[in-house]
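Participant: You'll find final34.pdb just under this line, and it carries PDB, C-alpha atoms.
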```pdb
ATOM      1  CA  MET A   1      47.622 -15.975  70.744
ATOM      2  CA  ALA A   2      45.625 -15.740  67.529
ATOM      3  CA  GLN A   3      48.457 -13.753  65.913
ATOM      4  CA  VAL A   4      50.980 -16.432  66.850
ATOM      5  CA  LYS A   5      48.798 -19.198  65.413
ATOM      6  CA  LEU A   6      48.251 -17.228  62.207
ATOM      7  CA  LYS A   7      51.974 -16.597  61.871
ATOM      8  CA  GLU A   8      52.755 -20.280  62.415
ATOM      9  CA  PHE A   9      50.115 -21.312  59.869
ATOM     10  CA  LEU A  10      51.365 -18.876  57.217
ATOM     11  CA  PHE A  11      55.006 -19.825  57.755
ATOM     12  CA  ARG A  12      54.271 -23.564  57.721
ATOM     13  CA  HIS A  13      52.377 -23.275  54.430
ATOM     14  CA  ARG A  14      54.508 -20.539  52.866
ATOM     15  CA  PHE A  15      55.700 -22.654  49.924
ATOM     16  CA  GLY A  16      52.182 -23.749  49.040
ATOM     17  CA  ILE A  17      50.852 -20.202  49.355
ATOM     18  CA  TYR A  18      53.639 -18.803  47.196
ATOM     19  CA  LEU A  19      53.140 -21.532  44.577
ATOM     20  CA  SER A  20      49.406 -20.767  44.455
ATOM     21  CA  SER A  21      50.146 -17.068  43.942
ATOM     22  CA  GLN A  22      52.549 -17.891  41.087
ATOM     23  CA  ILE A  23      49.999 -20.106  39.343
ATOM     24  CA  LEU A  24      47.400 -17.356  39.681
ATOM     25  CA  LEU A  25      49.852 -14.792  38.289
ATOM     26  CA  ILE A  26      50.940 -16.889  35.301
ATOM     27  CA  PHE A  27      47.643 -18.573  34.384
ATOM     28  CA  GLY A  28      45.114 -16.098  35.733
ATOM     29  CA  SER A  29      44.362 -14.779  32.238
ATOM     30  CA  LEU A  30      42.748 -18.145  31.423
ATOM     31  CA  LEU A  31      40.072 -17.541  34.058
ATOM     32  CA  PHE A  32      39.005 -13.993  33.227
ATOM     33  CA  PRO A  33      38.180 -11.921  30.128
ATOM     34  CA  ASN A  34      41.314 -10.359  28.674
ATOM     35  CA  SER A  35      40.337  -6.721  29.264
ATOM     36  CA  LEU A  36      39.239  -7.372  32.866
ATOM     37  CA  TYR A  37      42.370  -9.367  33.613
ATOM     38  CA  HIS A  38      44.860  -6.745  32.421
ATOM     39  CA  THR A  39      43.082  -3.764  33.974
ATOM     40  CA  THR A  40      41.986  -5.222  37.316
ATOM     41  CA  ILE A  41      42.930  -8.833  38.010
ATOM     42  CA  PHE A  42      46.604  -8.716  37.007
ATOM     43  CA  PRO A  43      47.540  -5.947  39.515
ATOM     44  CA  ILE A  44      45.740  -7.956  42.220
ATOM     45  CA  CYS A  45      47.705 -11.077  41.233
ATOM     46  CA  ILE A  46      50.942  -9.093  41.450
ATOM     47  CA  SER A  47      49.974  -7.910  44.946
ATOM     48  CA  ILE A  48      49.166 -11.433  46.132
ATOM     49  CA  ASN A  49      52.399 -12.784  44.655
ATOM     50  CA  ILE A  50      54.526 -10.138  46.355
ATOM     51  CA  LEU A  51      52.915 -10.637  49.756
ATOM     52  CA  ALA A  52      53.265 -14.415  49.378
ATOM     53  CA  GLY A  53      56.908 -13.923  48.378
ATOM     54  CA  PHE A  54      57.600 -12.173  51.639
ATOM     55  CA  LEU A  55      56.291 -15.187  53.502
ATOM     56  CA  VAL A  56      59.213 -17.086  51.973
ATOM     57  CA  VAL A  57      61.766 -14.632  53.369
ATOM     58  CA  SER A  58      59.867 -13.727  56.559
ATOM     59  CA  HIS A  59      62.222 -15.857  58.691
ATOM     60  CA  LYS A  60      64.681 -12.986  58.336
ATOM     61  CA  TRP A  61      62.325 -10.297  59.563
ATOM     62  CA  LYS A  62      59.155 -10.114  61.598
ATOM     63  CA  LEU A  63      56.186 -11.305  59.554
ATOM     64  CA  TRP A  64      54.203  -8.075  59.711
ATOM     65  CA  LEU A  65      57.239  -5.955  58.831
ATOM     66  CA  SER A  66      57.726  -8.238  55.824
ATOM     67  CA  ILE A  67      54.122  -7.697  54.757
ATOM     68  CA  LEU A  68      54.527  -3.922  55.095
ATOM     69  CA  ILE A  69      57.665  -3.990  52.942
ATOM     70  CA  GLY A  70      55.789  -6.199  50.459
ATOM     71  CA  ILE A  71      52.985  -3.661  50.165
ATOM     72  CA  SER A  72      55.547  -0.916  49.534
ATOM     73  CA  ILE A  73      57.267  -2.901  46.771
ATOM     74  CA  ASN A  74      53.878  -3.694  45.286
ATOM     75  CA  GLN A  75      53.216   0.030  44.911
ATOM     76  CA  LEU A  76      56.540   0.372  43.098
ATOM     77  CA  LEU A  77      55.844  -2.535  40.756
ATOM     78  CA  PHE A  78      52.381  -1.210  39.973
ATOM     79  CA  TRP A  79      54.083   1.454  37.850
ATOM     80  CA  ILE A  80      55.805  -1.167  35.724
ATOM     81  CA  PHE A  81      52.771  -3.258  34.906
ATOM     82  CA  ASN A  82      50.627  -0.220  34.149
ATOM     83  CA  PHE A  83      53.304   1.351  32.005
ATOM     84  CA  LYS A  84      52.225   2.852  28.712
ATOM     85  CA  GLY A  85      54.566   3.663  25.875
ATOM     86  CA  ASN A  86      57.977   2.404  24.907
ATOM     87  CA  ILE A  87      60.391   4.600  26.888
ATOM     88  CA  PHE A  88      61.079   4.081  30.592
ATOM     89  CA  THR A  89      61.786   7.008  32.902
ATOM     90  CA  ILE A  90      64.453   6.895  35.625
ATOM     91  CA  GLU A  91      61.727   6.346  38.226
ATOM     92  CA  GLN A  92      60.253   3.413  36.315
ATOM     93  CA  LEU A  93      63.710   1.878  35.895
ATOM     94  CA  PHE A  94      64.162   2.127  39.658
ATOM     95  CA  HIS A  95      60.848   0.290  40.112
ATOM     96  CA  TYR A  96      62.013  -2.349  37.640
ATOM     97  CA  PHE A  97      65.233  -3.015  39.553
ATOM     98  CA  CYS A  98      63.282  -3.224  42.825
ATOM     99  CA  GLY A  99      61.119  -5.936  41.255
ATOM    100  CA  LEU A 100      64.138  -7.791  39.884
ATOM    101  CA  ALA A 101      65.982  -7.651  43.216
ATOM    102  CA  PHE A 102      62.881  -8.783  45.102
ATOM    103  CA  ASN A 103      62.349 -11.824  42.873
ATOM    104  CA  ILE A 104      66.029 -12.789  42.965
ATOM    105  CA  GLU A 105      66.017 -12.670  46.781
ATOM    106  CA  VAL A 106      62.809 -14.697  47.063
ATOM    107  CA  THR A 107      64.161 -17.274  44.600
ATOM    108  CA  ARG A 108      67.482 -17.477  46.456
ATOM    109  CA  SER A 109      65.775 -17.937  49.836
ATOM    110  CA  LEU A 110      63.400 -20.530  48.417
ATOM    111  CA  LEU A 111      66.126 -22.636  46.802
ATOM    112  CA  LYS A 112      68.365 -22.366  49.858
ATOM    113  CA  GLU A 113      65.614 -23.728  52.123
ATOM    114  CA  ILE A 114      64.929 -26.593  49.715
ATOM    115  CA  TRP A 115      68.623 -27.454  49.438
ATOM    116  CA  PHE A 116      69.137 -27.656  53.210
ATOM    117  CA  SER A 117      65.825 -29.340  54.037
ATOM    118  CA  LYS A 118      66.307 -32.555  56.017
ATOM    119  CA  GLN A 119      63.483 -34.582  54.501
ATOM    120  CA  VAL A 120      61.039 -34.672  51.622
ATOM    121  CA  ASP A 121      57.502 -33.647  52.481
ATOM    122  CA  ARG A 122      54.700 -31.819  50.751
ATOM    123  CA  ALA A 123      56.225 -28.429  51.559
ATOM    124  CA  VAL A 124      59.517 -29.385  49.886
ATOM    125  CA  VAL A 125      57.715 -30.638  46.760
ATOM    126  CA  PHE A 126      55.756 -27.378  46.591
ATOM    127  CA  GLY A 127      59.022 -25.509  47.129
ATOM    128  CA  ILE A 128      60.780 -27.253  44.237
ATOM    129  CA  ILE A 129      57.893 -26.503  41.849
ATOM    130  CA  SER A 130      57.676 -22.938  43.131
ATOM    131  CA  GLY A 131      61.442 -22.532  42.762
ATOM    132  CA  TYR A 132      61.234 -23.488  39.095
ATOM    133  CA  LEU A 133      58.479 -20.941  38.499
ATOM    134  CA  SER A 134      60.506 -18.360  40.431
ATOM    135  CA  VAL A 135      63.472 -18.913  38.133
ATOM    136  CA  GLY A 136      61.086 -18.358  35.193
ATOM    137  CA  ILE A 137      59.871 -15.075  36.678
ATOM    138  CA  VAL A 138      63.464 -13.885  37.198
ATOM    139  CA  ALA A 139      64.139 -14.883  33.579
ATOM    140  CA  PHE A 140      61.179 -12.732  32.540
ATOM    141  CA  TYR A 141      62.639  -9.737  34.347
ATOM    142  CA  LEU A 142      65.961 -10.237  32.572
ATOM    143  CA  VAL A 143      64.247 -10.517  29.190
ATOM    144  CA  LEU A 144      62.158  -7.440  29.967
ATOM    145  CA  GLY A 145      65.325  -5.560  30.915
ATOM    146  CA  ILE A 146      66.907  -6.407  27.579
ATOM    147  CA  GLU A 147      63.793  -5.216  25.771
ATOM    148  CA  ILE A 148      63.986  -1.945  27.703
ATOM    149  CA  ILE A 149      67.687  -1.439  26.919
ATOM    150  CA  GLN A 150      67.457  -2.599  23.299
ATOM    151  CA  PRO A 151      63.881  -2.272  21.993
ATOM    152  CA  ASP A 152      62.727  -4.930  19.520
ATOM    153  CA  SER A 153      65.319  -7.442  20.720
ATOM    154  CA  PHE A 154      62.608 -10.097  20.417
ATOM    155  CA  LYS A 155      60.669 -10.441  17.167
ATOM    156  CA  SER A 156      57.366 -12.257  16.819
ATOM    157  CA  VAL A 157      54.123 -12.141  14.863
ATOM    158  CA  MET A 158      52.478 -11.850  18.295
ATOM    159  CA  ILE A 159      54.216  -8.509  18.916
ATOM    160  CA  ILE A 160      52.334  -5.925  16.908
ATOM    161  CA  SER A 161      53.185  -2.892  19.006
ATOM    162  CA  HIS A 162      56.348  -1.177  20.222
ATOM    163  CA  SER A 163      54.747  -0.579  23.628
ATOM    164  CA  ILE A 164      56.354  -2.421  26.570
ATOM    165  CA  GLU A 165      52.892  -2.892  28.030
ATOM    166  CA  GLU A 166      51.816  -4.922  24.994
ATOM    167  CA  LYS A 167      54.962  -7.051  25.093
ATOM    168  CA  ILE A 168      54.839  -8.141  28.746
ATOM    169  CA  SER A 169      52.597 -11.207  28.302
ATOM    170  CA  VAL A 170      54.593 -12.306  25.239
ATOM    171  CA  LEU A 171      57.894 -11.943  27.114
ATOM    172  CA  ILE A 172      56.543 -13.983  30.048
ATOM    173  CA  TYR A 173      55.596 -16.704  27.573
ATOM    174  CA  TYR A 174      59.020 -16.554  25.905
ATOM    175  CA  SER A 175      60.862 -16.733  29.230
ATOM    176  CA  PHE A 176      59.123 -19.924  30.300
ATOM    177  CA  ILE A 177      59.282 -21.804  27.009
ATOM    178  CA  THR A 178      63.004 -20.971  26.869
ATOM    179  CA  LEU A 179      63.488 -22.112  30.463
ATOM    180  CA  MET A 180      61.805 -25.413  29.573
ATOM    181  CA  SER A 181      63.894 -25.668  26.364
ATOM    182  CA  ILE A 182      60.753 -26.028  24.234
ATOM    183  CA  GLY A 183      61.625 -23.352  21.672
ATOM    184  CA  TYR A 184      58.671 -23.211  19.298
ATOM    185  CA  GLY A 185      60.429 -20.582  17.201
ATOM    186  CA  ASP A 186      57.462 -18.199  17.256
ATOM    187  CA  ILE A 187      59.586 -15.636  19.126
ATOM    188  CA  VAL A 188      63.129 -14.951  17.961
ATOM    189  CA  PRO A 189      65.903 -13.092  19.849
ATOM    190  CA  THR A 190      67.403 -10.748  17.278
ATOM    191  CA  THR A 191      70.250  -9.072  19.159
ATOM    192  CA  GLU A 192      73.408 -10.643  20.544
ATOM    193  CA  LEU A 193      72.471  -9.750  24.120
ATOM    194  CA  ALA A 194      69.017 -11.304  23.703
ATOM    195  CA  GLN A 195      70.528 -14.455  22.221
ATOM    196  CA  LYS A 196      73.055 -14.818  25.057
ATOM    197  CA  ILE A 197      70.429 -14.387  27.774
ATOM    198  CA  SER A 198      68.235 -16.949  25.988
ATOM    199  CA  ILE A 199      71.090 -19.469  26.109
ATOM    200  CA  LEU A 200      71.614 -18.699  29.806
ATOM    201  CA  ILE A 201      67.913 -19.164  30.617
ATOM    202  CA  GLY A 202      67.861 -22.517  28.798
ATOM    203  CA  LEU A 203      70.979 -23.706  30.626
ATOM    204  CA  VAL A 204      69.602 -22.685  34.014
ATOM    205  CA  GLY A 205      66.368 -24.540  33.273
ATOM    206  CA  GLN A 206      68.246 -27.746  32.462
ATOM    207  CA  ILE A 207      70.590 -27.431  35.451
ATOM    208  CA  TYR A 208      67.662 -26.795  37.794
ATOM    209  CA  THR A 209      65.787 -29.856  36.567
ATOM    210  CA  VAL A 210      68.782 -32.160  36.982
ATOM    211  CA  LEU A 211      70.109 -30.685  40.223
ATOM    212  CA  PHE A 212      66.955 -30.243  42.269
ATOM    213  CA  MET A 213      65.261 -33.403  41.049
ATOM    214  CA  GLY A 214      68.435 -35.185  42.152
ATOM    215  CA  VAL A 215      68.153 -33.517  45.563
ATOM    216  CA  LEU A 216      64.490 -34.515  45.821
ATOM    217  CA  VAL A 217      65.133 -38.150  44.937
ATOM    218  CA  GLY A 218      68.218 -38.311  47.168
ATOM    219  CA  LYS A 219      66.389 -36.971  50.207
ATOM    220  CA  TYR A 220      63.479 -39.319  49.575
ATOM    221  CA  VAL A 221      65.796 -42.370  49.329
ATOM    222  CA  ASN A 222      67.605 -41.365  52.509
ATOM    223  CA  LYS A 223      64.290 -40.984  54.307
ATOM    224  CA  GLN A 224      63.302 -44.522  53.294
TER
END
```
Translate the structure of the given file into structure tokens.

Facilitator:
Amino acid sequence: MAQVKLKEFLFRHRFGIYLSSQILLIFGSLLFPNSLYHTTIFPICISINILAGFLVVSHKWKLWLSILIGISINQLLFWIFNFKGNIFTIEQLFHYFCGLAFNIEVTRSLLKEIWFSKQVDRAVVFGIISGYLSVGIVAFYLVLGIEIIQPDSFKSVMIISHSIEEKISVLIYYSFITLMSIGYGDIVPTTELAQKISILIGLVGQIYTVLFMGVLVGKYVNKQ
């Protein structure tokens, strides 16, 4: 009985839980000293985000199986975010693609549920915000992939090392400011592939804002 109630609670609040995990992942460095965050807190944030992500897709599988799969993927992703150096091995590339596929599937499931929701409530609002952040995280994975394939595709005064590990926080920042079409100019895509993916990220950000805000307003008007 307690398991059923817990499952119902987690599923009912899955969008809010996932949104909270995304905020912690993206802005957690503001709450902790830099060294502590990157060595200890960041891997914990990744774990929480992955487990919360499986709540979003848990309607396809049993909840506890989803959590078990989430823990397994977390162990794979741990290798990425504790990577040292500037050359990826085959194993690390496999871990990277697992992370990319996971985030694409969570984003797809999230946006699909929002699109087909019958009414606007708090969960849908959380879902729309979370969906936008999810698109930003997928954008980060794409940018990271380009940096792996073509090192130094993104130039910035903030990038003082050739190590992927040192570039991760900068690439997260670049992905989101490009998605929001802010473009401060402090990070510059220097290769054709990097420039094309930057255009794509900006377009997706604009389309998302127009499309899903239209869905939100439309559902709210229909409800009234």

Participant: Written as number ranges by chain, which residues does the PyMOL selection byres ((chain A and resi 18) around 9) give for the file shown?

Facilitator: A: 13-17, 19-23, 48-56, 126-127, 130

Participant: Taking the point (62.9, -11.0, 34.8) as given in the file, collect each protein or nucleic acid residue that comes within 12 Å of it, counting only C-alpha atoms, and present the set as a PyMOL selection string.

Facilitator: chain A and resi 96-104+107+133-148+168+171-176+179+197-198+201

Participant: Those residues you just picked out, can you put them in a file as a CSV table (one decimal), in the coordinates of the input with C-alpha atoms?

Facilitator:
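Final output, saved to out_8.csv:
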```
chain,number,residue,atom,x,y,z
A,96,TYR,CA,62.0,-2.3,37.6
A,97,PHE,CA,65.2,-3.0,39.6
A,98,CYS,CA,63.3,-3.2,42.8
A,99,GLY,CA,61.1,-5.9,41.3
A,100,LEU,CA,64.1,-7.8,39.9
A,101,ALA,CA,66.0,-7.7,43.2
A,102,PHE,CA,62.9,-8.8,45.1
A,103,ASN,CA,62.3,-11.8,42.9
A,104,ILE,CA,66.0,-12.8,43.0
A,107,THR,CA,64.2,-17.3,44.6
A,133,LEU,CA,58.5,-20.9,38.5
A,134,SER,CA,60.5,-18.4,40.4
A,135,VAL,CA,63.5,-18.9,38.1
A,136,GLY,CA,61.1,-18.4,35.2
A,137,ILE,CA,59.9,-15.1,36.7
A,138,VAL,CA,63.5,-13.9,37.2
A,139,ALA,CA,64.1,-14.9,33.6
A,140,PHE,CA,61.2,-12.7,32.5
A,141,TYR,CA,62.6,-9.7,34.3
A,142,LEU,CA,66.0,-10.2,32.6
A,143,VAL,CA,64.2,-10.5,29.2
A,144,LEU,CA,62.2,-7.4,30.0
A,145,GLY,CA,65.3,-5.6,30.9
A,146,ILE,CA,66.9,-6.4,27.6
A,147,GLU,CA,63.8,-5.2,25.8
A,148,ILE,CA,64.0,-1.9,27.7
A,168,ILE,CA,54.8,-8.1,28.7
A,171,LEU,CA,57.9,-11.9,27.1
A,172,ILE,CA,56.5,-14.0,30.0
A,173,TYR,CA,55.6,-16.7,27.6
A,174,TYR,CA,59.0,-16.6,25.9
A,175,SER,CA,60.9,-16.7,29.2
A,176,PHE,CA,59.1,-19.9,30.3
A,179,LEU,CA,63.5,-22.1,30.5
A,197,ILE,CA,70.4,-14.4,27.8
A,198,SER,CA,68.2,-16.9,26.0
A,201,ILE,CA,67.9,-19.2,30.6
```

Participant: Just the number, please: distance in Å from CA of Gln119 in chain A to CA of Met213 in chain A, one decimal.

Facilitator: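 Between CA of Gln119 in chain A and CA of Met213 in chain A the gap is 13.6 Å.
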
Participant: Would you mind listing what lies within 12 Å of Glu192 in chain A as a list in words, with only C-alpha atoms counted and same-chain residues fewer than 3 positions away left out?

Facilitator: Ile146, Gln150, Ser153, Phe154, Val188, Pro189, Gln195, Lys196, Ile197, Ser198 and Ile199 of chain A

Participant: Given the file shown, determine the residues that the PyMOL selection byres ((chain A and resi 113) around 12) selects; report them as a list in words.

Facilitator: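 That selection, the PyMOL selection byres ((chain A and resi 113) around 12), comes back as Arg14, Phe15, Val56, Val57, His59, Val106, Thr107, Arg108, Ser109, Leu110, Leu111, Lys112, Ile114, Trp115, Phe116, Ser117, Lys118, Gln119, Val120, Ala123, Val124, Val125, Phe126, Gly127, Ile128, Gly131 and Phe212 of chain A.
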
Participant: Grab the CA of Thr191 in chain A to CA of Gln206 in chain A distance for me, in Å with one decimal place.

Facilitator: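 Straight-line distance from CA of Thr191 in chain A to CA of Gln206 in chain A works out to 23.0 Å.
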
Participant: So how far away is CA of Ser35 in chain A from CA of Ser156 in chain A, in Å?

Facilitator: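 Computing it gives 21.8 Å between the two atoms.
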
Participant: Nearest residue to Phe27 in chain A out of A:Val204, A:Cys45, A:Ile149, A:Leu216, using all atoms listed in the file?

Facilitator: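 Selected residue with least distance to Phe27 in chain A: A:Cys45.
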
Participant: Using all atoms listed in the file, pick whichever of A:Ile207, A:Ile41, A:Leu36, A:Leu10 has the shortest atom-to-atom distance to Leu24 in chain A.

Facilitator: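 Between A:Ile207, A:Ile41, A:Leu36, A:Leu10, the residue approaching Leu24 in chain A most closely is A:Ile41.
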
Participant: Just checking: using only C-alpha atoms, which residue out of A:Asp121, A:Leu193, A:Phe11, A:Pro151 ends up closest to Val217 in chain A?

Facilitator: A:Asp121

Participant: Compile the contact shell of Ser29 in chain A as a ChimeraX atom specification: residues with an atom at most 9 Å away, counting only C-alpha atoms, same-chain residues fewer than 6 positions apart removed.

Facilitator: /A:37-38,41-42

Participant: Can you write out the residues you just picked, keeping C-alpha atoms, as a PDB file, keeping the file's coordinate frame?

Facilitator:
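Ended up saving to part05.pdb:
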```pdb
ATOM      1  CA  TYR A  37      42.370  -9.367  33.613  1.00  0.00           C
ATOM      2  CA  HIS A  38      44.860  -6.745  32.421  1.00  0.00           C
ATOM      3  CA  ILE A  41      42.930  -8.833  38.010  1.00  0.00           C
ATOM      4  CA  PHE A  42      46.604  -8.716  37.007  1.00  0.00           C
TER       5      PHE A  42
END
```
